[in-house]
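K.L.:
This structure is in structure tokens; I'll ask about it shortly.
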Amino acid sequence: MSSGNSKFLEELRRIRRVSDMMVTAHASLKEKFSLVSLISDVLLFSCSLFLTVIAFADPNFLVKYFGNNYAFCIGIFSIVTFIFSFVVSLLDWKVRAEQHRHAFETYMNLKFTASDLINKVEKDEHADVERFLERYYALTPTIVAIPERAFLQYKRKHVIKVFISKYLDDNPAGSILLLKIKIWIRDNFKAVK
């Protein structure tokens with residue numbers, strides 16, 4: 001192994017490990033925000049559809065089901081729908097899902113590139129490690145961050161995923177749910193030393 005690139009080997013391994021964890025975190029956040037976006041779109045569409053149907057409904061029908069104060073009820077529902085639509089546009093879950101999708105793809109690329117470079121360095125082949133490291137250090141600050149309050153939760157999720165994946169290599173018929181329960185019991189009811 002040439003001494004030129006071998007000094008970067010530990011840093012490449014760290015980048016691969018961190019990128020792997022970030023892939024898990026950003027994939028989870030992408031799925032979460034995509035689901036929230038879909039649910040909010042369906043709810044907003046349903047509320048708008050309901051208000052449109054009410055606008056063309058017979059007043060006798062409205063009195064029968066909503067009482068004599070149906071206009072007040074519809075007004076309140078309209079205000080709630082308007083506030084909900086404002087909050088949805090303010091939080092913009094679709095954009096957040098897209099940011100995490102982009103981060104997921106970027107970290108996936110970084111992870112694979114780091115793995116390739118590690119293999120080349122270990123085989124003493126030519127590897128432009130310094131250029132990759134410059135790209136990595138320039139690129140990572142531009143990627144959407146994992147919220148600080150959620151970082152440990154996603155790190156935990158990743159570590160469990162890796163553990164279960166390795167376990168399934170030797171025990172392919174093992175129940176993932178039972179394994180998660182077993183890990184949870186093992187890690188939460190250890191004798192305190």
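Residues in the structure tokens are named by chain (A, B, ... in the order shown) and by number from 1 within that chain; ligands are numbered from 1 in the order shown.
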Residues of region 16-99 of chain A within 12 Å of region 132-147 of chain A: nearest atom pair and distance (Å, one decimal) for each, counting only C-alpha atoms, sorted by chain and number, as a Markdown table?
P.N.:
| residue | atom | partner | partner_atom | distance |
| --- | --- | --- | --- | --- |
| A:Arg16 | CA | A:Tyr136 | CA | 11.0 |
| A:Val18 | CA | A:Thr140 | CA | 11.2 |
| A:Ser19 | CA | A:Thr140 | CA | 10.0 |
| A:Met21 | CA | A:Ile146 | CA | 11.0 |
| A:Met22 | CA | A:Ile146 | CA | 8.3 |
| A:Val23 | CA | A:Ile146 | CA | 10.9 |
| A:Thr24 | CA | A:Ile146 | CA | 11.0 |
| A:Ala25 | CA | A:Ile146 | CA | 7.4 |
| A:His26 | CA | A:Ile146 | CA | 7.5 |
| A:Ala27 | CA | A:Ile146 | CA | 11.1 |
| A:Ser28 | CA | A:Ile146 | CA | 10.6 |
| A:Leu29 | CA | A:Ile146 | CA | 8.5 |
| A:Lys30 | CA | A:Ile146 | CA | 11.1 |
| A:Val95 | CA | A:Val144 | CA | 11.2 |
| A:Arg96 | CA | A:Val144 | CA | 8.9 |
| A:Ala97 | CA | A:Val144 | CA | 10.6 |
| A:Glu98 | CA | A:Val144 | CA | 10.2 |
| A:Gln99 | CA | A:Val144 | CA | 6.4 |
K.L.:
Using only C-alpha atoms, which residues sit within 12 Å of region 68-82 of chain A once same-chain residues fewer than 6 positions away are excluded, as a PyMOL selection string?
P.N.:
chain A and resi 40-41+43-55+57-62+88-89
K.L.:
Could you jot down the CA of Arg186 (chain A) to CA of Phe163 (chain A) separation for me, Å, one decimal place?
P.N.:
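Separation of CA of Arg186 (chain A) and CA of Phe163 (chain A): 13.4 Å.
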K.L.:
Name the closest residue to Lys182 (chain A) among the candidates A:Ile160, A:Ser37, A:Phe104, A:Ser165; distances are taken between atoms, counting only C-alpha atoms.
P.N.:
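The closest residue to Lys182 (chain A) is A:Ile160.
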K.L.:
Can you tell me which residues surround Trp184 (chain A) at a distance of at most 12 Å, considering only C-alpha atoms, apart from same-chain residues fewer than 5 positions away, and format the answer as JSON, numbers by chain?
P.N.:
{"A": [156, 157, 160, 177, 178, 179, 189, 190]}
K.L.:
Go ahead and save the picked residues with N, CA and C atoms, as a CSV table (one decimal), in the first residue's frame.
P.N.:
chain,number,residue,atom,x,y,z
A,156,ARG,N,-29.7,5.6,15.9
A,156,ARG,CA,-30.1,4.4,16.5
A,156,ARG,C,-30.8,3.5,15.5
A,157,LYS,N,-31.6,4.0,14.7
A,157,LYS,CA,-32.3,3.3,13.6
A,157,LYS,C,-31.3,2.6,12.7
A,160,ILE,N,-29.4,-0.3,14.4
A,160,ILE,CA,-30.3,-1.5,14.5
A,160,ILE,C,-30.5,-2.1,13.2
A,177,LEU,N,-39.4,-8.6,13.6
A,177,LEU,CA,-40.1,-8.0,14.8
A,177,LEU,C,-39.6,-8.6,16.1
A,178,LEU,N,-39.5,-10.0,16.1
A,178,LEU,CA,-39.0,-10.6,17.3
A,178,LEU,C,-37.6,-10.3,17.7
A,179,LEU,N,-36.8,-10.1,16.6
A,179,LEU,CA,-35.4,-9.7,16.8
A,179,LEU,C,-35.3,-8.3,17.4
A,189,PHE,N,-32.8,-3.7,29.6
A,189,PHE,CA,-32.9,-4.4,30.9
A,189,PHE,C,-31.6,-5.1,31.3
A,190,LYS,N,-30.5,-4.5,30.9
A,190,LYS,CA,-29.2,-5.1,31.3
A,190,LYS,C,-29.0,-4.7,32.8
K.L.:
Take CA of Val159 (chain A) and CA of Arg14 (chain A) and report the distance between them in Å, one decimal.
P.N.:
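So the two atoms, CA of Val159 (chain A) and CA of Arg14 (chain A), lie 14.9 Å apart.
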K.L.:
What does the distance from CA of His158 (chain A) to CA of Lys94 (chain A) come to in Å, to one decimal?
P.N.:
23.9 Å
